[in-house]
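Listing of protein-v5.cif; format and content: mmCIF, C-alpha atoms and all ligand atoms.
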data_entry
#
loop_
_atom_site.label_atom_id
_atom_site.label_comp_id
_atom_site.auth_asym_id
_atom_site.auth_seq_id
_atom_site.Cartn_x
_atom_site.Cartn_y
_atom_site.Cartn_z
CA MET A 1 0.00 0.00 0.00
CA ILE A 2 1.43 3.35 -1.02
CA ILE A 3 0.62 6.03 1.55
CA SER A 4 0.60 9.46 -0.12
CA LEU A 5 0.08 12.91 1.28
CA VAL A 6 -1.59 15.53 -0.92
CA VAL A 7 -1.07 19.10 0.23
CA ALA A 8 -0.78 22.71 -0.87
CA ALA A 9 1.60 24.74 1.28
CA SER A 10 3.22 28.17 1.18
CA GLU A 11 7.02 28.53 1.16
CA ASN A 12 6.91 28.66 4.96
CA ASN A 13 4.65 25.57 5.09
CA ALA A 14 1.39 27.32 6.02
CA ILE A 15 -1.64 25.30 4.88
CA GLY A 16 -4.66 27.00 6.47
CA LYS A 17 -6.12 29.61 8.76
CA ASN A 18 -9.50 29.71 10.57
CA ASN A 19 -10.31 26.28 9.10
CA GLN A 20 -9.93 27.56 5.53
CA LEU A 21 -7.30 27.51 2.81
CA LEU A 22 -5.11 30.58 2.31
CA TRP A 23 -5.69 30.86 -1.45
CA HIS A 24 -8.03 30.02 -4.28
CA LEU A 25 -6.09 28.24 -7.03
CA PRO A 26 -8.45 26.64 -9.59
CA LYS A 27 -5.63 24.76 -11.37
CA ASP A 28 -4.65 23.19 -8.06
CA MET A 29 -8.24 22.13 -7.37
CA LYS A 30 -8.29 20.45 -10.78
CA PHE A 31 -4.93 18.80 -10.10
CA PHE A 32 -6.19 17.54 -6.73
CA LYS A 33 -9.28 16.06 -8.36
CA ASN A 34 -7.22 14.30 -11.04
CA VAL A 35 -4.75 12.83 -8.56
CA THR A 36 -7.36 11.53 -6.12
CA TRP A 37 -10.16 10.55 -8.52
CA ALA A 38 -11.64 7.06 -7.84
CA MET A 39 -9.20 6.61 -4.95
CA PRO A 40 -9.58 6.65 -1.15
CA VAL A 41 -9.17 10.10 0.45
CA VAL A 42 -8.48 10.32 4.19
CA MET A 43 -9.06 13.49 6.19
CA GLY A 44 -9.45 14.82 9.70
CA ARG A 45 -12.91 15.75 10.92
CA LYS A 46 -12.05 19.46 10.80
CA THR A 47 -10.93 19.33 7.17
CA PHE A 48 -14.14 17.48 6.29
CA GLU A 49 -16.16 20.26 7.91
CA SER A 50 -14.04 22.94 6.21
CA MET A 51 -15.16 21.49 2.86
CA GLY A 52 -18.84 21.94 3.69
CA SER A 53 -19.32 18.55 5.41
CA LYS A 54 -19.97 16.84 2.08
CA PRO A 55 -18.06 13.87 0.65
CA LEU A 56 -15.78 14.46 -2.33
CA ARG A 57 -17.57 12.86 -5.23
CA GLY A 58 -16.09 9.96 -7.14
CA ARG A 59 -13.80 8.96 -4.28
CA LYS A 60 -13.95 6.72 -1.18
CA ASN A 61 -14.17 9.26 1.68
CA ILE A 62 -12.68 8.30 5.05
CA VAL A 63 -12.89 10.73 7.99
CA ILE A 64 -10.83 10.40 11.19
CA THR A 65 -12.38 11.46 14.50
CA ARG A 66 -12.17 10.52 18.18
CA LYS A 67 -15.91 11.14 18.59
CA PRO A 68 -17.44 7.68 19.13
CA ASP A 69 -20.85 8.28 17.53
CA TRP A 70 -19.87 10.68 14.78
CA LYS A 71 -21.26 9.89 11.34
CA SER A 72 -22.10 11.58 8.06
CA GLU A 73 -23.75 10.38 4.86
CA GLY A 74 -21.35 8.82 2.36
CA ILE A 75 -18.47 8.77 4.83
CA SER A 76 -16.53 5.87 6.32
CA VAL A 77 -15.56 6.83 9.87
CA VAL A 78 -12.40 5.62 11.62
CA ASN A 79 -10.55 6.63 14.79
CA SER A 80 -6.93 6.64 13.60
CA VAL A 81 -4.71 7.09 10.57
CA ASP A 82 -3.72 3.44 10.80
CA ALA A 83 -7.38 2.35 10.74
CA ALA A 84 -7.94 4.53 7.65
CA VAL A 85 -5.00 2.92 5.84
CA ALA A 86 -6.17 -0.56 6.93
CA LEU A 87 -9.64 0.12 5.54
CA ALA A 88 -8.25 1.26 2.17
CA ASN A 89 -6.09 -1.86 2.12
CA GLU A 90 -9.04 -4.15 2.87
CA LEU A 91 -10.87 -2.56 -0.06
CA HIS A 92 -7.88 -3.50 -2.29
CA TYR A 93 -6.76 0.00 -3.19
CA LYS A 94 -3.07 0.26 -4.12
CA GLU A 95 -2.62 3.86 -2.93
CA VAL A 96 -4.29 5.90 -0.20
CA PHE A 97 -4.33 9.71 -0.23
CA ILE A 98 -4.10 11.58 3.06
CA ILE A 99 -5.57 15.02 2.32
CA GLY A 100 -5.14 16.81 5.66
CA GLY A 101 -5.32 18.76 7.71
CA GLY A 102 -2.43 19.70 9.96
CA GLU A 103 -3.05 17.20 12.75
CA ILE A 104 -3.53 14.32 10.35
CA TYR A 105 -0.50 15.20 8.17
CA LEU A 106 1.65 15.23 11.31
CA ILE A 107 0.62 11.67 12.18
CA ALA A 108 0.75 10.37 8.61
CA PHE A 109 4.05 12.06 7.65
CA GLU A 110 6.36 9.34 8.97
CA ARG A 111 4.21 6.60 7.41
CA ALA A 112 4.08 8.23 3.96
CA SER A 113 6.31 7.33 1.02
CA ARG A 114 5.04 9.96 -1.42
CA ILE A 115 4.02 13.62 -1.20
CA TYR A 116 2.04 15.45 -3.88
CA MET A 117 2.98 18.99 -2.87
CA THR A 118 1.59 22.11 -4.49
CA ARG A 119 4.18 24.63 -3.38
CA VAL A 120 2.62 28.09 -3.34
CA HIS A 121 5.42 30.59 -3.90
CA ALA A 122 4.54 33.09 -1.17
CA GLU A 123 5.26 33.56 2.53
CA LEU A 124 1.88 33.50 4.27
CA GLU A 125 0.71 33.49 7.85
CA GLY A 126 -1.47 30.56 8.89
CA ASP A 127 -2.59 28.77 12.02
CA THR A 128 -1.95 25.31 10.56
CA TYR A 129 1.35 24.08 9.06
CA PHE A 130 2.79 21.15 7.13
CA PRO A 131 5.96 19.40 8.36
CA VAL A 132 9.30 20.37 6.77
CA ILE A 133 10.29 18.06 3.88
CA GLU A 134 13.92 17.23 4.65
CA ARG A 135 16.10 16.87 1.53
CA ASN A 136 18.03 14.05 3.20
CA ASP A 137 14.86 11.99 3.51
CA TRP A 138 12.97 12.96 0.37
CA ALA A 139 13.80 13.24 -3.34
CA LEU A 140 12.06 15.69 -5.66
CA VAL A 141 11.12 13.56 -8.69
CA ASN A 142 8.88 16.01 -10.53
CA ASN A 143 8.47 19.78 -10.43
CA THR A 144 6.12 21.68 -12.75
CA ALA A 145 5.99 25.46 -12.41
CA ASN A 146 2.84 27.54 -12.94
CA ALA A 147 2.81 31.32 -13.25
CA ALA A 148 0.42 33.63 -11.45
CA ASP A 149 -2.38 35.03 -13.63
CA GLU A 150 -5.76 36.73 -13.23
CA LYS A 151 -7.23 33.55 -11.66
CA HIS A 152 -4.17 32.60 -9.58
CA ALA A 153 -2.89 35.19 -7.13
CA TYR A 154 0.43 33.39 -6.55
CA PRO A 155 2.80 31.35 -8.71
CA PHE A 156 2.91 27.70 -7.63
CA SER A 157 4.61 24.41 -8.52
CA PHE A 158 3.29 20.87 -8.64
CA GLN A 159 5.96 18.78 -6.93
CA LEU A 160 6.18 15.04 -6.46
CA TRP A 161 8.41 13.92 -3.60
CA GLU A 162 9.39 10.31 -2.92
CA ARG A 163 10.97 8.99 0.24
CA ARG A 164 14.65 8.06 -0.34
N1 LIG A 201 -3.53 23.35 2.15
C1 LIG A 201 -3.95 22.09 2.18
O1 LIG A 201 -3.56 21.28 1.36
C2 LIG A 201 -4.94 21.69 3.25
C3 LIG A 201 -5.51 20.40 3.22
C4 LIG A 201 -6.40 20.05 4.23
C5 LIG A 201 -6.71 20.97 5.23
N2 LIG A 201 -6.14 22.19 5.21
C6 LIG A 201 -6.42 23.16 6.28
O2 LIG A 201 -6.03 22.58 7.51
C7 LIG A 201 -6.88 23.11 8.54
C8 LIG A 201 -7.51 21.96 9.31
O3 LIG A 201 -6.46 21.19 9.91
P1 LIG A 201 -6.50 20.84 11.49
O4 LIG A 201 -5.13 20.39 11.86
O5 LIG A 201 -7.11 21.97 12.22
O6 LIG A 201 -7.57 19.65 11.56
P2 LIG A 201 -7.65 18.20 10.85
O7 LIG A 201 -6.30 17.55 10.87
O8 LIG A 201 -8.37 18.32 9.56
O9 LIG A 201 -8.67 17.46 11.82
C9 LIG A 201 -8.38 17.37 13.20
C10 LIG A 201 -9.34 16.39 13.81
O10 LIG A 201 -8.98 15.06 13.40
C11 LIG A 201 -9.28 14.17 14.47
N3 LIG A 201 -8.01 13.58 14.93
C12 LIG A 201 -6.79 14.14 14.98
N4 LIG A 201 -5.88 13.29 15.49
C13 LIG A 201 -6.56 12.16 15.78
C14 LIG A 201 -6.17 10.91 16.31
N5 LIG A 201 -4.88 10.65 16.66
N6 LIG A 201 -7.10 9.96 16.47
C15 LIG A 201 -8.38 10.19 16.10
N7 LIG A 201 -8.82 11.37 15.59
C16 LIG A 201 -7.90 12.34 15.42
C17 LIG A 201 -9.92 15.00 15.58
O11 LIG A 201 -11.31 14.99 15.30
P3 LIG A 201 -12.42 15.12 16.49
O12 LIG A 201 -12.19 16.48 17.10
O13 LIG A 201 -13.73 14.98 15.77
O14 LIG A 201 -12.13 13.98 17.44
C18 LIG A 201 -9.33 16.37 15.32
O15 LIG A 201 -10.08 17.42 15.86
C19 LIG A 201 -7.90 24.01 7.85
O16 LIG A 201 -7.43 25.35 7.86
C20 LIG A 201 -7.89 23.49 6.43
O17 LIG A 201 -8.29 24.47 5.50
C21 LIG A 201 -5.26 22.57 4.25
#
What is this file in structure tokens?
Ligand SMILES: NC(=O)c1ccc[n+]([C@@H]2O[C@H](COP(=O)([O-])OP(=O)(O)OC[C@H]3O[C@@H](n4cnc5c(N)ncnc54)[C@H](OP(=O)(O)O)[C@@H]3O)[C@@H](O)[C@H]2O)c1
Amino acid sequence: MIISLVVAASENNAIGKNNQLLWHLPKDMKFFKNVTWAMPVVMGRKTFESMGSKPLRGRKNIVITRKPDWKSEGISVVNSVDAAVALANELHYKEVFIIGGGEIYLIAFERASRIYMTRVHAELEGDTYFPVIERNDWALVNNTANAADEKHAYPFSFQLWERR
């Protein structure tokens, strides 16, 4: 089972503030949809709520919470990252996509072998951060730059990192 993280982070690793993203980047939303389509997506309960408490269509949605009776239509509920990965494995998926947020990335980081990082080329203040990707531990295997334009306030790069 390949455990992948999918994240968009500023240069200083900020990923969110007040339970929202720090940018609106339509090309990144499209990229995210393409990468995760038909696959299992795993998220913390707060990230699920930040997306309007609705499952992402066309994907197996798994939400992590400690709340024993929590449920939501179209959602598989688990109480740990390991249980989420185990569920995806039982369902015979070859890759599982951890899609945030900060608490869940922190737990999943050491288990992950791949990171789909959209690096937003700006220094931004957030209240939620992604761990530092250490060059000694991770290799950058793909890097595609995108310029800012009228729909994208910041330049950004699609990066694929693989654990060395
Ligand atoms: N830029 C990006 O790519 C990206 C992606 C996703 C999210 N975000 C941003 O990240 C922020 C949300 O992140 P967050 O760190 O506040 O929350 P989060 O990681 O989405 O969810 C946290 C919740 O997950 C559950 N949880 C955490 N650790 C657990 C454990 N060990 N066992 C069981 N359940 C556990 C708890 O749910 P209960 O409280 O229900 O028990 C906890 O409150 C928002 O600003 C969002 O916009 C950014």
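Reported to one decimal place, the separation of CA of Leu22 (chain A) from atom C5 of ligand LIG 201 (chain A) is 10.2 Å.
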Checklist entry - Which polymer residues have any atom within 7 Å of an atom of region 120-122 of chain A, counting only C-alpha atoms, with same-chain residues fewer than 6 positions away left out, as an NGL selection string? => result :A and (8-11 or 154-157)
Item to check | Within 9 Å of ligand LIG 201 (chain A), counting all atoms listed in the file, residues as a PyMOL selection string | outcome: chain A and resi 6-10+13-23+43-51+63-68+70+78-81+98-107+117-118+126-130
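Distances to Val42 (chain A) were evaluated for A:Leu25, A:Asn61, A:Ala153, A:Asn142 using all atoms listed in the file, and the minimum falls at A:Asn61.
Here the question is which of A:Phe97, A:Arg57, A:Arg114, A:Val41 gets nearest to Ser76 (chain A) using all atoms listed in the file, and that residue is A:Val41.
Among A:Arg111, A:Lys54, A:Lys60, A:Lys30, the residue with the shortest atom-to-atom distance to Asp82 (chain A), counting all atoms listed in the file, is A:Arg111.
When all atoms listed in the file are used to compute distances to Lys94 (chain A), the closest of the residues A:Asp137, A:Ile2, A:His24, A:Leu56 turns out to be A:Ile2.
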Taking N, CA and C atoms as the atom set, what does region 61-97 of chain A look like once completed, written as a compact mmCIF listing (two decimals), keeping the file's coordinate frame?
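Listed below is the output, selection-v2.txt:
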# COMPACT_ATOMS: atom_id res chain seq x y z
N ASN A 61 -14.48 8.24 0.65
CA ASN A 61 -14.17 9.26 1.68
C ASN A 61 -14.05 8.61 3.05
N ILE A 62 -12.91 8.84 3.71
CA ILE A 62 -12.68 8.30 5.05
C ILE A 62 -12.33 9.47 5.98
N VAL A 63 -13.11 9.62 7.05
CA VAL A 63 -12.89 10.73 7.99
C VAL A 63 -12.41 10.16 9.33
N ILE A 64 -11.40 10.81 9.90
CA ILE A 64 -10.83 10.40 11.19
C ILE A 64 -11.35 11.31 12.29
N THR A 65 -11.89 10.71 13.33
CA THR A 65 -12.38 11.46 14.50
C THR A 65 -12.22 10.60 15.74
N ARG A 66 -12.15 11.26 16.91
CA ARG A 66 -12.17 10.52 18.18
C ARG A 66 -13.59 10.41 18.71
N LYS A 67 -14.53 11.13 18.09
CA LYS A 67 -15.91 11.14 18.59
C LYS A 67 -16.56 9.78 18.30
N PRO A 68 -17.00 9.07 19.33
CA PRO A 68 -17.44 7.68 19.13
C PRO A 68 -18.68 7.53 18.24
N ASP A 69 -19.61 8.47 18.28
CA ASP A 69 -20.85 8.28 17.53
C ASP A 69 -20.95 9.16 16.29
N TRP A 70 -19.83 9.73 15.89
CA TRP A 70 -19.87 10.68 14.78
C TRP A 70 -20.15 9.93 13.47
N LYS A 71 -21.06 10.47 12.67
CA LYS A 71 -21.26 9.89 11.34
C LYS A 71 -21.75 10.96 10.37
N SER A 72 -21.65 10.65 9.08
CA SER A 72 -22.10 11.58 8.06
C SER A 72 -22.34 10.77 6.78
N GLU A 73 -23.35 11.17 6.03
CA GLU A 73 -23.75 10.38 4.86
C GLU A 73 -22.60 10.26 3.84
N GLY A 74 -22.37 9.05 3.38
CA GLY A 74 -21.35 8.82 2.36
C GLY A 74 -19.93 8.79 2.88
N ILE A 75 -19.80 8.72 4.22
CA ILE A 75 -18.47 8.77 4.83
C ILE A 75 -18.20 7.49 5.62
N SER A 76 -17.01 6.92 5.43
CA SER A 76 -16.53 5.87 6.32
C SER A 76 -15.79 6.54 7.46
N VAL A 77 -16.13 6.18 8.69
CA VAL A 77 -15.56 6.83 9.87
C VAL A 77 -14.59 5.88 10.55
N VAL A 78 -13.40 6.40 10.89
CA VAL A 78 -12.40 5.62 11.62
C VAL A 78 -11.84 6.49 12.75
N ASN A 79 -11.07 5.84 13.66
CA ASN A 79 -10.55 6.63 14.79
C ASN A 79 -9.04 6.75 14.81
N SER A 80 -8.39 6.43 13.68
CA SER A 80 -6.93 6.64 13.60
C SER A 80 -6.49 6.62 12.14
N VAL A 81 -5.29 7.16 11.92
CA VAL A 81 -4.71 7.09 10.57
C VAL A 81 -4.48 5.64 10.18
N ASP A 82 -3.99 4.85 11.11
CA ASP A 82 -3.72 3.44 10.80
C ASP A 82 -4.99 2.70 10.40
N ALA A 83 -6.10 3.00 11.08
CA ALA A 83 -7.38 2.35 10.74
C ALA A 83 -7.84 2.80 9.35
N ALA A 84 -7.56 4.04 8.98
CA ALA A 84 -7.94 4.53 7.65
C ALA A 84 -7.15 3.78 6.57
N VAL A 85 -5.86 3.63 6.80
CA VAL A 85 -5.00 2.92 5.84
C VAL A 85 -5.43 1.45 5.75
N ALA A 86 -5.73 0.85 6.90
CA ALA A 86 -6.17 -0.56 6.93
C ALA A 86 -7.46 -0.74 6.14
N LEU A 87 -8.37 0.21 6.28
CA LEU A 87 -9.64 0.12 5.54
C LEU A 87 -9.39 0.19 4.03
N ALA A 88 -8.56 1.13 3.61
CA ALA A 88 -8.25 1.26 2.17
C ALA A 88 -7.60 -0.02 1.65
N ASN A 89 -6.76 -0.61 2.48
CA ASN A 89 -6.09 -1.86 2.12
C ASN A 89 -7.09 -3.00 1.96
N GLU A 90 -8.01 -3.10 2.93
CA GLU A 90 -9.04 -4.15 2.87
C GLU A 90 -9.87 -4.03 1.61
N LEU A 91 -10.06 -2.80 1.15
CA LEU A 91 -10.87 -2.56 -0.06
C LEU A 91 -10.03 -2.72 -1.34
N HIS A 92 -8.78 -3.16 -1.17
CA HIS A 92 -7.88 -3.50 -2.29
C HIS A 92 -7.40 -2.31 -3.11
N TYR A 93 -7.39 -1.14 -2.50
CA TYR A 93 -6.76 0.00 -3.19
C TYR A 93 -5.24 -0.16 -3.09
N LYS A 94 -4.55 0.36 -4.11
CA LYS A 94 -3.07 0.26 -4.12
C LYS A 94 -2.41 1.50 -3.52
N GLU A 95 -3.16 2.60 -3.45
CA GLU A 95 -2.62 3.86 -2.93
C GLU A 95 -3.71 4.54 -2.12
N VAL A 96 -3.33 5.15 -1.01
CA VAL A 96 -4.29 5.90 -0.20
C VAL A 96 -3.78 7.34 -0.10
N PHE A 97 -4.70 8.30 -0.19
CA PHE A 97 -4.33 9.71 -0.23
C PHE A 97 -4.79 10.42 1.04
